[in-house]
file final10.pdb (PDB, N, CA and C atoms)
ATOM      1  N   MET R   1      47.344   0.846 -20.342
ATOM      2  CA  MET R   1      45.917   0.891 -20.173
ATOM      3  C   MET R   1      45.279   0.000 -21.240
ATOM      4  N   THR R   2      44.285  -0.741 -20.852
ATOM      5  CA  THR R   2      43.625  -1.671 -21.756
ATOM      6  C   THR R   2      42.630  -0.942 -22.653
ATOM      7  N   GLU R   3      42.662  -1.269 -23.910
ATOM      8  CA  GLU R   3      41.687  -0.712 -24.845
ATOM      9  C   GLU R   3      40.379  -1.490 -24.705
ATOM     10  N   LEU R   4      39.285  -0.768 -24.665
ATOM     11  CA  LEU R   4      37.982  -1.403 -24.584
ATOM     12  C   LEU R   4      37.253  -1.249 -25.910
ATOM     13  N   THR R   5      36.516  -2.276 -26.283
ATOM     14  CA  THR R   5      35.686  -2.173 -27.467
ATOM     15  C   THR R   5      34.463  -1.313 -27.121
ATOM     16  N   ASP R   6      33.762  -0.870 -28.134
ATOM     17  CA  ASP R   6      32.535  -0.097 -27.903
ATOM     18  C   ASP R   6      31.517  -0.923 -27.122
ATOM     19  N   ASP R   7      31.454  -2.224 -27.421
ATOM     20  CA  ASP R   7      30.521  -3.100 -26.704
ATOM     21  C   ASP R   7      30.883  -3.205 -25.228
ATOM     22  N   GLU R   8      32.184  -3.304 -24.940
ATOM     23  CA  GLU R   8      32.627  -3.380 -23.537
ATOM     24  C   GLU R   8      32.321  -2.076 -22.801
ATOM     25  N   ARG R   9      32.542  -0.960 -23.441
ATOM     26  CA  ARG R   9      32.213   0.344 -22.845
ATOM     27  C   ARG R   9      30.717   0.428 -22.546
ATOM     28  N   ALA R  10      29.915   0.037 -23.525
ATOM     29  CA  ALA R  10      28.461   0.084 -23.370
ATOM     30  C   ALA R  10      27.998  -0.836 -22.244
ATOM     31  N   GLU R  11      28.602  -2.017 -22.155
ATOM     32  CA  GLU R  11      28.240  -2.962 -21.103
ATOM     33  C   GLU R  11      28.575  -2.402 -19.718
ATOM     34  N   ARG R  12      29.732  -1.782 -19.592
ATOM     35  CA  ARG R  12      30.117  -1.187 -18.309
ATOM     36  C   ARG R  12      29.151  -0.063 -17.916
ATOM     37  N   LEU R  13      28.823   0.787 -18.868
ATOM     38  CA  LEU R  13      27.886   1.882 -18.583
ATOM     39  C   LEU R  13      26.503   1.367 -18.216
ATOM     40  N   THR R  14      26.047   0.344 -18.915
ATOM     41  CA  THR R  14      24.728  -0.241 -18.628
ATOM     42  C   THR R  14      24.691  -0.809 -17.215
ATOM     43  N   LYS R  15      25.728  -1.529 -16.841
ATOM     44  CA  LYS R  15      25.782  -2.106 -15.488
ATOM     45  C   LYS R  15      25.868  -1.003 -14.433
ATOM     46  N   LEU R  16      26.657   0.032 -14.697
ATOM     47  CA  LEU R  16      26.785   1.152 -13.759
ATOM     48  C   LEU R  16      25.434   1.829 -13.554
ATOM     49  N   HIS R  17      24.749   2.144 -14.646
ATOM     50  CA  HIS R  17      23.430   2.774 -14.545
ATOM     51  C   HIS R  17      22.453   1.880 -13.786
ATOM     52  N   GLY R  18      22.533   0.576 -14.009
ATOM     53  CA  GLY R  18      21.655  -0.359 -13.310
ATOM     54  C   GLY R  18      21.870  -0.335 -11.805
ATOM     55  N   ILE R  19      23.121  -0.273 -11.383
ATOM     56  CA  ILE R  19      23.424  -0.245  -9.945
ATOM     57  C   ILE R  19      23.010   1.095  -9.337
ATOM     58  N   ILE R  20      23.265   2.187 -10.043
ATOM     59  CA  ILE R  20      22.822   3.501  -9.562
ATOM     60  C   ILE R  20      21.302   3.485  -9.392
ATOM     61  N   ASP R  21      20.587   2.928 -10.369
ATOM     62  CA  ASP R  21      19.127   2.864 -10.295
ATOM     63  C   ASP R  21      18.646   1.997  -9.134
ATOM     64  N   LEU R  22      19.421   0.999  -8.749
ATOM     65  CA  LEU R  22      19.071   0.174  -7.587
ATOM     66  C   LEU R  22      19.255   0.932  -6.271
ATOM     67  N   MET R  23      20.251   1.821  -6.220
ATOM     68  CA  MET R  23      20.535   2.574  -4.990
ATOM     69  C   MET R  23      19.630   3.788  -4.819
ATOM     70  N   ARG R  24      19.171   4.369  -5.893
ATOM     71  CA  ARG R  24      18.415   5.632  -5.833
ATOM     72  C   ARG R  24      17.183   5.579  -4.937
ATOM     73  N   PRO R  25      16.364   4.527  -4.979
ATOM     74  CA  PRO R  25      15.166   4.533  -4.134
ATOM     75  C   PRO R  25      15.464   4.678  -2.640
ATOM     76  N   ALA R  26      16.551   4.112  -2.172
ATOM     77  CA  ALA R  26      16.914   4.239  -0.760
ATOM     78  C   ALA R  26      17.232   5.683  -0.408
ATOM     79  N   VAL R  27      17.914   6.385  -1.298
ATOM     80  CA  VAL R  27      18.244   7.791  -1.072
ATOM     81  C   VAL R  27      16.989   8.651  -1.235
ATOM     82  N   GLN R  28      16.176   8.321  -2.215
ATOM     83  CA  GLN R  28      14.954   9.074  -2.464
ATOM     84  C   GLN R  28      13.954   8.935  -1.315
ATOM     85  N   ALA R  29      13.994   7.808  -0.626
ATOM     86  CA  ALA R  29      13.078   7.590   0.504
ATOM     87  C   ALA R  29      13.302   8.615   1.607
ATOM     88  N   ASP R  30      14.490   9.184   1.671
ATOM     89  CA  ASP R  30      14.805  10.202   2.669
ATOM     90  C   ASP R  30      14.744  11.612   2.085
ATOM     91  N   GLY R  31      14.172  11.748   0.899
ATOM     92  CA  GLY R  31      14.016  13.069   0.303
ATOM     93  C   GLY R  31      15.197  13.541  -0.526
ATOM     94  N   GLY R  32      16.122  12.650  -0.788
ATOM     95  CA  GLY R  32      17.293  13.018  -1.575
ATOM     96  C   GLY R  32      17.290  12.336  -2.919
ATOM     97  N   ASP R  33      18.416  12.375  -3.571
ATOM     98  CA  ASP R  33      18.567  11.672  -4.835
ATOM     99  C   ASP R  33      20.051  11.431  -5.084
ATOM    100  N   LEU R  34      20.336  10.443  -5.891
ATOM    101  CA  LEU R  34      21.697  10.082  -6.280
ATOM    102  C   LEU R  34      21.790  10.219  -7.792
ATOM    103  N   VAL R  35      22.722  11.048  -8.252
ATOM    104  CA  VAL R  35      22.854  11.324  -9.676
ATOM    105  C   VAL R  35      24.267  10.989 -10.137
ATOM    106  N   LEU R  36      24.356  10.306 -11.253
ATOM    107  CA  LEU R  36      25.647  10.033 -11.880
ATOM    108  C   LEU R  36      26.059  11.268 -12.658
ATOM    109  N   ILE R  37      27.198  11.847 -12.308
ATOM    110  CA  ILE R  37      27.696  13.051 -12.978
ATOM    111  C   ILE R  37      28.547  12.678 -14.182
ATOM    112  N   ARG R  38      29.488  11.773 -13.979
ATOM    113  CA  ARG R  38      30.317  11.315 -15.101
ATOM    114  C   ARG R  38      30.908   9.956 -14.760
ATOM    115  N   ALA R  39      31.278   9.242 -15.803
ATOM    116  CA  ALA R  39      31.879   7.922 -15.621
ATOM    117  C   ALA R  39      32.930   7.710 -16.694
ATOM    118  N   ASP R  40      34.143   7.438 -16.270
ATOM    119  CA  ASP R  40      35.211   7.071 -17.193
ATOM    120  C   ASP R  40      35.384   5.556 -17.061
ATOM    121  N   VAL R  41      34.798   4.827 -17.997
ATOM    122  CA  VAL R  41      34.798   3.370 -17.889
ATOM    123  C   VAL R  41      36.153   2.757 -18.202
ATOM    124  N   VAL R  42      37.084   3.547 -18.701
ATOM    125  CA  VAL R  42      38.431   3.044 -18.968
ATOM    126  C   VAL R  42      39.292   3.141 -17.715
ATOM    127  N   THR R  43      39.311   4.310 -17.074
ATOM    128  CA  THR R  43      40.126   4.487 -15.866
ATOM    129  C   THR R  43      39.402   4.023 -14.609
ATOM    130  N   GLY R  44      38.081   3.885 -14.691
ATOM    131  CA  GLY R  44      37.307   3.421 -13.536
ATOM    132  C   GLY R  44      36.925   4.525 -12.561
ATOM    133  N   VAL R  45      37.030   5.776 -12.976
ATOM    134  CA  VAL R  45      36.682   6.902 -12.101
ATOM    135  C   VAL R  45      35.221   7.276 -12.335
ATOM    136  N   ILE R  46      34.458   7.254 -11.240
ATOM    137  CA  ILE R  46      33.027   7.549 -11.278
ATOM    138  C   ILE R  46      32.778   8.769 -10.404
ATOM    139  N   GLU R  47      31.959   9.699 -10.885
ATOM    140  CA  GLU R  47      31.586  10.856 -10.079
ATOM    141  C   GLU R  47      30.073  10.870  -9.897
ATOM    142  N   VAL R  48      29.666  10.958  -8.627
ATOM    143  CA  VAL R  48      28.245  11.001  -8.298
ATOM    144  C   VAL R  48      27.961  12.219  -7.429
ATOM    145  N   GLN R  49      26.683  12.556  -7.326
ATOM    146  CA  GLN R  49      26.300  13.687  -6.486
ATOM    147  C   GLN R  49      25.021  13.328  -5.737
ATOM    148  N   LEU R  50      24.994  13.672  -4.457
ATOM    149  CA  LEU R  50      23.784  13.549  -3.662
ATOM    150  C   LEU R  50      23.049  14.874  -3.742
ATOM    151  N   GLN R  51      21.743  14.803  -3.931
ATOM    152  CA  GLN R  51      20.951  16.018  -4.082
ATOM    153  C   GLN R  51      19.769  16.017  -3.127
ATOM    154  N   GLY R  52      19.027  17.127  -3.130
ATOM    155  CA  GLY R  52      17.819  17.241  -2.319
ATOM    156  C   GLY R  52      18.133  17.321  -0.844
ATOM    157  N   ALA R  53      17.410  16.544  -0.056
ATOM    158  CA  ALA R  53      17.565  16.571   1.396
ATOM    159  C   ALA R  53      18.965  16.156   1.842
ATOM    160  N   CYS R  54      19.711  15.528   0.974
ATOM    161  CA  CYS R  54      21.067  15.087   1.321
ATOM    162  C   CYS R  54      21.986  16.250   1.677
ATOM    163  N   SER R  55      21.699  17.427   1.137
ATOM    164  CA  SER R  55      22.597  18.547   1.401
ATOM    165  C   SER R  55      22.513  19.041   2.832
ATOM    166  N   SER R  56      21.455  18.668   3.551
ATOM    167  CA  SER R  56      21.359  19.064   4.957
ATOM    168  C   SER R  56      21.534  17.874   5.893
ATOM    169  N   CYS R  57      21.872  16.735   5.343
ATOM    170  CA  CYS R  57      21.973  15.513   6.136
ATOM    171  C   CYS R  57      23.377  15.342   6.712
ATOM    172  N   ALA R  58      23.410  15.043   7.994
ATOM    173  CA  ALA R  58      24.690  14.890   8.692
ATOM    174  C   ALA R  58      25.465  13.653   8.259
ATOM    175  N   VAL R  59      24.794  12.687   7.649
ATOM    176  CA  VAL R  59      25.471  11.447   7.272
ATOM    177  C   VAL R  59      25.681  11.301   5.761
ATOM    178  N   SER R  60      25.620  12.405   5.027
ATOM    179  CA  SER R  60      25.825  12.340   3.578
ATOM    180  C   SER R  60      27.189  11.766   3.218
ATOM    181  N   GLY R  61      28.212  12.158   3.940
ATOM    182  CA  GLY R  61      29.550  11.633   3.676
ATOM    183  C   GLY R  61      29.624  10.136   3.866
ATOM    184  N   ALA R  62      28.957   9.643   4.893
ATOM    185  CA  ALA R  62      28.933   8.199   5.142
ATOM    186  C   ALA R  62      28.147   7.478   4.059
ATOM    187  N   THR R  63      27.093   8.105   3.568
ATOM    188  CA  THR R  63      26.317   7.514   2.481
ATOM    189  C   THR R  63      27.183   7.367   1.241
ATOM    190  N   LEU R  64      27.980   8.383   0.956
ATOM    191  CA  LEU R  64      28.845   8.322  -0.225
ATOM    192  C   LEU R  64      29.937   7.278  -0.075
ATOM    193  N   SER R  65      30.676   7.331   1.027
ATOM    194  CA  SER R  65      31.825   6.425   1.159
ATOM    195  C   SER R  65      31.421   5.031   1.613
ATOM    196  N   GLY R  66      30.554   4.938   2.598
ATOM    197  CA  GLY R  66      30.182   3.635   3.137
ATOM    198  C   GLY R  66      29.126   2.926   2.332
ATOM    199  N   GLY R  67      28.367   3.672   1.555
ATOM    200  CA  GLY R  67      27.306   3.068   0.773
ATOM    201  C   GLY R  67      27.621   3.047  -0.700
ATOM    202  N   VAL R  68      27.540   4.189  -1.329
ATOM    203  CA  VAL R  68      27.675   4.280  -2.783
ATOM    204  C   VAL R  68      29.029   3.743  -3.266
ATOM    205  N   GLU R  69      30.112   4.246  -2.693
ATOM    206  CA  GLU R  69      31.440   3.810  -3.140
ATOM    207  C   GLU R  69      31.650   2.321  -2.898
ATOM    208  N   ARG R  70      31.286   1.858  -1.726
ATOM    209  CA  ARG R  70      31.482   0.442  -1.397
ATOM    210  C   ARG R  70      30.703  -0.454  -2.357
ATOM    211  N   ILE R  71      29.454  -0.103  -2.617
ATOM    212  CA  ILE R  71      28.629  -0.920  -3.507
ATOM    213  C   ILE R  71      29.182  -0.917  -4.925
ATOM    214  N   LEU R  72      29.562   0.249  -5.438
ATOM    215  CA  LEU R  72      30.098   0.302  -6.796
ATOM    216  C   LEU R  72      31.388  -0.500  -6.918
ATOM    217  N   ARG R  73      32.273  -0.378  -5.938
ATOM    218  CA  ARG R  73      33.543  -1.125  -6.001
ATOM    219  C   ARG R  73      33.323  -2.630  -5.858
ATOM    220  N   ASP R  74      32.355  -3.017  -5.006
ATOM    221  CA  ASP R  74      32.066  -4.439  -4.815
ATOM    222  C   ASP R  74      31.460  -5.083  -6.055
ATOM    223  N   ARG R  75      30.607  -4.348  -6.737
ATOM    224  CA  ARG R  75      29.852  -4.935  -7.845
ATOM    225  C   ARG R  75      30.477  -4.720  -9.221
ATOM    226  N   LEU R  76      31.369  -3.740  -9.320
ATOM    227  CA  LEU R  76      32.011  -3.454 -10.603
ATOM    228  C   LEU R  76      33.524  -3.478 -10.402
ATOM    229  N   SER R  77      34.143  -4.555 -10.795
ATOM    230  CA  SER R  77      35.572  -4.749 -10.533
ATOM    231  C   SER R  77      36.446  -3.679 -11.193
ATOM    232  N   TRP R  78      35.947  -3.028 -12.207
ATOM    233  CA  TRP R  78      36.727  -2.025 -12.935
ATOM    234  C   TRP R  78      36.710  -0.649 -12.279
ATOM    235  N   VAL R  79      35.859  -0.443 -11.289
ATOM    236  CA  VAL R  79      35.796   0.859 -10.620
ATOM    237  C   VAL R  79      37.023   1.027  -9.728
ATOM    238  N   THR R  80      37.764   2.124  -9.941
ATOM    239  CA  THR R  80      38.983   2.388  -9.171
ATOM    240  C   THR R  80      38.808   3.526  -8.175
ATOM    241  N   GLU R  81      37.899   4.449  -8.482
ATOM    242  CA  GLU R  81      37.709   5.608  -7.607
ATOM    243  C   GLU R  81      36.288   6.136  -7.769
ATOM    244  N   VAL R  82      35.692   6.516  -6.636
ATOM    245  CA  VAL R  82      34.375   7.143  -6.667
ATOM    246  C   VAL R  82      34.519   8.518  -6.039
ATOM    247  N   ILE R  83      34.228   9.530  -6.844
ATOM    248  CA  ILE R  83      34.278  10.910  -6.377
ATOM    249  C   ILE R  83      32.841  11.312  -6.087
ATOM    250  N   GLY R  84      32.626  11.832  -4.907
ATOM    251  CA  GLY R  84      31.263  12.195  -4.558
ATOM    252  C   GLY R  84      31.170  13.573  -3.982
ATOM    253  N   GLY R  85      30.019  14.133  -4.121
ATOM    254  CA  GLY R  85      29.775  15.440  -3.560
ATOM    255  C   GLY R  85      28.312  15.603  -3.247
ATOM    256  N   VAL R  86      27.994  16.713  -2.636
ATOM    257  CA  VAL R  86      26.626  17.028  -2.284
ATOM    258  C   VAL R  86      26.254  18.327  -2.976
ATOM    259  N   ASP R  87      25.095  18.334  -3.602
ATOM    260  CA  ASP R  87      24.595  19.544  -4.250
ATOM    261  C   ASP R  87      24.221  20.538  -3.166
ATOM    262  N   GLU R  88      24.948  21.631  -3.103
ATOM    263  CA  GLU R  88      24.718  22.620  -2.051
ATOM    264  C   GLU R  88      24.016  23.862  -2.584
ATOM    265  N   SER R  89      23.296  23.706  -3.702
ATOM    266  CA  SER R  89      22.624  24.861  -4.286
ATOM    267  C   SER R  89      21.346  25.245  -3.531
ATOM    268  N   MET R  90      20.841  24.326  -2.705
ATOM    269  CA  MET R  90      19.642  24.617  -1.909
ATOM    270  C   MET R  90      20.024  25.190  -0.558
ATOM    271  N   SER R  91      19.118  25.979  -0.018
ATOM    272  CA  SER R  91      19.328  26.462   1.346
ATOM    273  C   SER R  91      19.060  25.310   2.317
ATOM    274  N   LEU R  92      19.531  25.451   3.535
ATOM    275  CA  LEU R  92      19.316  24.422   4.549
ATOM    276  C   LEU R  92      17.828  24.186   4.780
ATOM    277  N   ASP R  93      17.033  25.246   4.810
ATOM    278  CA  ASP R  93      15.586  25.109   5.021
ATOM    279  C   ASP R  93      14.923  24.360   3.871
ATOM    280  N   GLU R  94      15.304  24.693   2.629
ATOM    281  CA  GLU R  94      14.741  24.001   1.465
ATOM    282  C   GLU R  94      15.100  22.520   1.503
ATOM    283  N   SER R  95      16.346  22.243   1.780
ATOM    284  CA  SER R  95      16.816  20.867   1.817
ATOM    285  C   SER R  95      16.106  20.078   2.910
ATOM    286  N   SER R  96      16.013  20.645   4.089
ATOM    287  CA  SER R  96      15.382  19.960   5.214
ATOM    288  C   SER R  96      13.911  19.693   4.960
ATOM    289  N   SER R  97      13.261  20.569   4.223
ATOM    290  CA  SER R  97      11.829  20.405   3.976
ATOM    291  C   SER R  97      11.520  19.254   3.028
ATOM    292  N   LEU R  98      12.518  18.744   2.322
ATOM    293  CA  LEU R  98      12.311  17.675   1.356
ATOM    294  C   LEU R  98      12.194  16.298   1.991
ATOM    295  N   GLY R  99      12.645  16.161   3.202
ATOM    296  CA  GLY R  99      12.575  14.843   3.823
ATOM    297  C   GLY R  99      13.322  14.828   5.120
ATOM    298  N   SER R 100      13.688  13.644   5.522
ATOM    299  CA  SER R 100      14.332  13.469   6.825
ATOM    300  C   SER R 100      15.823  13.716   6.764
ATOM    301  N   GLY R 101      16.294  14.340   5.705
ATOM    302  CA  GLY R 101      17.718  14.595   5.559
ATOM    303  C   GLY R 101      18.291  15.472   6.648
ATOM    304  N   GLY R 102      17.450  16.289   7.275
ATOM    305  CA  GLY R 102      17.924  17.156   8.349
ATOM    306  C   GLY R 102      18.018  16.459   9.678
ATOM    307  N   TYR R 103      17.542  15.232   9.741
ATOM    308  CA  TYR R 103      17.513  14.478  10.986
ATOM    309  C   TYR R 103      18.913  14.029  11.380
ATOM    310  N   VAL R 104      19.282  14.312  12.596
ATOM    311  CA  VAL R 104      20.562  13.849  13.124
ATOM    312  C   VAL R 104      20.274  12.992  14.332
ATOM    313  N   PRO R 105      20.617  11.694  14.277
ATOM    314  CA  PRO R 105      20.287  10.810  15.408
ATOM    315  C   PRO R 105      21.085  11.188  16.658
ATOM    316  N   LYS R 106      20.469  10.984  17.794
ATOM    317  CA  LYS R 106      21.139  11.246  19.078
ATOM    318  C   LYS R 106      21.562   9.916  19.660
ATOM    319  N   PHE R 107      22.820   9.841  20.072
ATOM    320  CA  PHE R 107      23.342   8.597  20.636
ATOM    321  C   PHE R 107      23.564   8.756  22.110
TER
END
call {"tool": "encode", "arguments": {"input": "final10.pdb", "output": "structure tokens"}}
result
Amino acid sequence: MTELTDDERAERLTKLHGIIDLMRPAVQADGGDLVLIRADVVTGVIEVQLQGACSSCAVSGATLSGGVERILRDRLSWVTEVIGGVDESMSLDESSSLGSGGYVPKF
């Protein structure tokens, strides 16, 4: 495993936070939020959580894997794994009332 200097660690964290901040408005527009839970900048393991209306959204899993994970891996070469989850502390009614997260498209 490669040793990182404090400056390299700080740079990785700064870039990670910047990308998370770029993605958050899209999630927030639907009544949810994207929160960084932890980041191991040495091993490349990132943990994020979708909150708010995301807990009642049928496409939360796709948002995590197809959106958040893909973007982090594309933009940060050191990211090896993105662990994601949904905050399920809210009831379905509370979550749905926050935005369009309860919306399930009909095909």
call {"tool": "resolve_selection", "arguments": {"input": "final10.pdb", "expression": "the PyMOL selection byres (((chain R and resi 15-22 and name CA) around 9) and name CA)", "output": "ChimeraX atom specification"}}
result
/R:10-14,23-26,34-36,39,68,71-72,75-76
call {"tool": "resolve_selection", "arguments": {"input": "final10.pdb", "expression": "the PyMOL selection byres ((chain R and resi 48-59) around 5)", "output": "PyMOL selection string"}}
result
chain R and resi 31-37+46-47+60-63+83-87+95+101-102
call {"tool": "atom_distance", "arguments": {"input": "final10.pdb", "atom1": "atom CA of Ser65 of chain R", "atom2": "atom C of Arg9 of chain R"}}
result
24.5 Å
call {"tool": "atom_distance", "arguments": {"input": "final10.pdb", "atom1": "atom N of Gly67 of chain R", "atom2": "atom CA of Val27 of chain R"}}
result
11.2 Å
call {"tool": "axis_aligned_box", "arguments": {"input": "final10.pdb", "around": "segment 52-62 of chain R", "padding_each_side": "8 Å", "output": "JSON"}}
result
{"center_x": 23.5, "center_y": 13.3, "center_z": 2.8, "size_x": 28.2, "size_y": 27.6, "size_z": 27.8}
call {"tool": "closest_residue", "arguments": {"input": "final10.pdb", "among": "R:Glu81, R:Gln28, R:Leu64, R:Asp7", "to": "Thr43 of chain R", "atoms": "only N, CA and C atoms"}}
result
R:Glu81
call {"tool": "select_by_dssp", "arguments": {"input": "final10.pdb", "residues": "segment 26-79 of chain R", "states": "strand (DSSP E)", "output": "list in words"}}
result
Gly32, Asp33, Leu34, Val35, Leu36, Ile37, Arg38, Ala39, Asp40, Val45, Ile46, Glu47, Val48, Gln49, Leu50, Gln51 and Gly52 of chain R
call {"tool": "atom_distance", "arguments": {"input": "final10.pdb", "atom1": "atom N of Arg70 of chain R", "atom2": "atom C of Glu3 of chain R"}}
result
24.9 Å
call {"tool": "residues_around", "arguments": {"input": "final10.pdb", "residues": "Thr80 of chain R", "least_positions_apart": "6", "cutoff": "8 Å", "atoms": "only C-alpha atoms", "output": "VMD selection string"}}
result
chain R and resid 43 to 45 73
call {"tool": "decode", "arguments": {"input": "final10.pdb", "residues": "segment 4-84 of chain R", "atoms": "C-alpha atoms", "output": "CSV table (one decimal), in the first residue's frame"}}
result
chain,number,residue,atom,x,y,z
R,4,LEU,CA,0.4,9.3,1.3
R,5,THR,CA,1.7,12.5,2.7
R,6,ASP,CA,-0.7,14.7,4.7
R,7,ASP,CA,-0.9,17.1,1.7
R,8,GLU,CA,-1.9,14.2,-0.6
R,9,ARG,CA,-4.6,13.1,1.9
R,10,ALA,CA,-5.9,16.6,2.2
R,11,GLU,CA,-6.0,17.0,-1.6
R,12,ARG,CA,-8.0,13.8,-2.0
R,13,LEU,CA,-10.5,14.8,0.7
R,14,THR,CA,-10.9,18.3,-0.8
R,15,LYS,CA,-11.6,16.9,-4.3
R,16,LEU,CA,-14.0,14.3,-2.8
R,17,HIS,CA,-15.9,16.9,-0.9
R,18,GLY,CA,-16.0,19.1,-4.1
R,19,ILE,CA,-17.6,16.3,-6.1
R,20,ILE,CA,-20.1,15.4,-3.4
R,21,ASP,CA,-21.1,19.1,-3.3
R,22,LEU,CA,-21.6,19.1,-7.1
R,23,MET,CA,-23.9,16.1,-6.9
R,24,ARG,CA,-26.0,17.2,-3.9
R,25,PRO,CA,-28.2,19.8,-5.6
R,26,ALA,CA,-29.5,17.2,-8.0
R,27,VAL,CA,-30.5,14.9,-5.1
R,28,GLN,CA,-31.8,17.8,-3.1
R,29,ALA,CA,-34.0,18.9,-6.0
R,30,ASP,CA,-36.0,15.7,-5.4
R,31,GLY,CA,-36.3,16.3,-1.7
R,32,GLY,CA,-33.3,14.1,-0.7
R,33,ASP,CA,-29.7,14.6,0.2
R,34,LEU,CA,-26.4,13.0,-0.3
R,35,VAL,CA,-24.1,12.8,2.7
R,36,LEU,CA,-20.5,11.6,3.0
R,37,ILE,CA,-20.3,9.1,5.9
R,38,ARG,CA,-16.7,8.2,5.7
R,39,ALA,CA,-13.7,8.2,3.3
R,40,ASP,CA,-10.6,6.1,3.5
R,41,VAL,CA,-8.3,8.0,1.1
R,42,VAL,CA,-5.6,5.4,1.3
R,43,THR,CA,-7.7,2.3,0.4
R,44,GLY,CA,-10.2,4.3,-1.7
R,45,VAL,CA,-13.3,3.1,0.1
R,46,ILE,CA,-16.0,5.8,0.3
R,47,GLU,CA,-19.3,5.5,2.2
R,48,VAL,CA,-22.2,7.7,1.4
R,49,GLN,CA,-25.9,7.8,2.4
R,50,LEU,CA,-29.0,9.0,0.7
R,51,GLN,CA,-31.4,10.8,3.0
R,52,GLY,CA,-34.8,12.5,3.0
R,53,ALA,CA,-37.1,11.6,0.2
R,54,CYS,CA,-34.6,9.1,-1.1
R,55,SER,CA,-35.7,6.6,1.5
R,56,SER,CA,-39.1,6.2,-0.3
R,57,CYS,CA,-37.7,6.5,-3.8
R,58,ALA,CA,-37.8,3.4,-6.0
R,59,VAL,CA,-34.7,4.4,-7.8
R,60,SER,CA,-32.4,5.1,-4.9
R,61,GLY,CA,-30.3,2.1,-5.7
R,62,ALA,CA,-29.8,3.2,-9.2
R,63,THR,CA,-28.9,6.7,-8.0
R,64,LEU,CA,-26.2,5.2,-5.8
R,65,SER,CA,-24.7,2.8,-8.3
R,66,GLY,CA,-25.4,4.4,-11.6
R,67,GLY,CA,-24.9,8.0,-10.4
R,68,VAL,CA,-22.8,8.5,-7.3
R,69,GLU,CA,-20.5,5.5,-7.6
R,70,ARG,CA,-19.9,6.0,-11.3
R,71,ILE,CA,-19.1,9.7,-10.9
R,72,LEU,CA,-16.8,9.2,-8.0
R,73,ARG,CA,-14.9,6.4,-9.8
R,74,ASP,CA,-14.7,8.4,-13.0
R,75,ARG,CA,-13.4,11.5,-11.4
R,76,LEU,CA,-11.2,10.2,-8.7
R,77,SER,CA,-8.8,7.5,-9.9
R,78,TRP,CA,-8.0,6.4,-6.3
R,79,VAL,CA,-11.6,5.4,-5.5
R,80,THR,CA,-11.8,1.6,-5.3
R,81,GLU,CA,-15.2,1.0,-3.7
R,82,VAL,CA,-18.3,3.1,-3.0
R,83,ILE,CA,-20.6,1.8,-0.2
R,84,GLY,CA,-24.0,3.3,-0.2
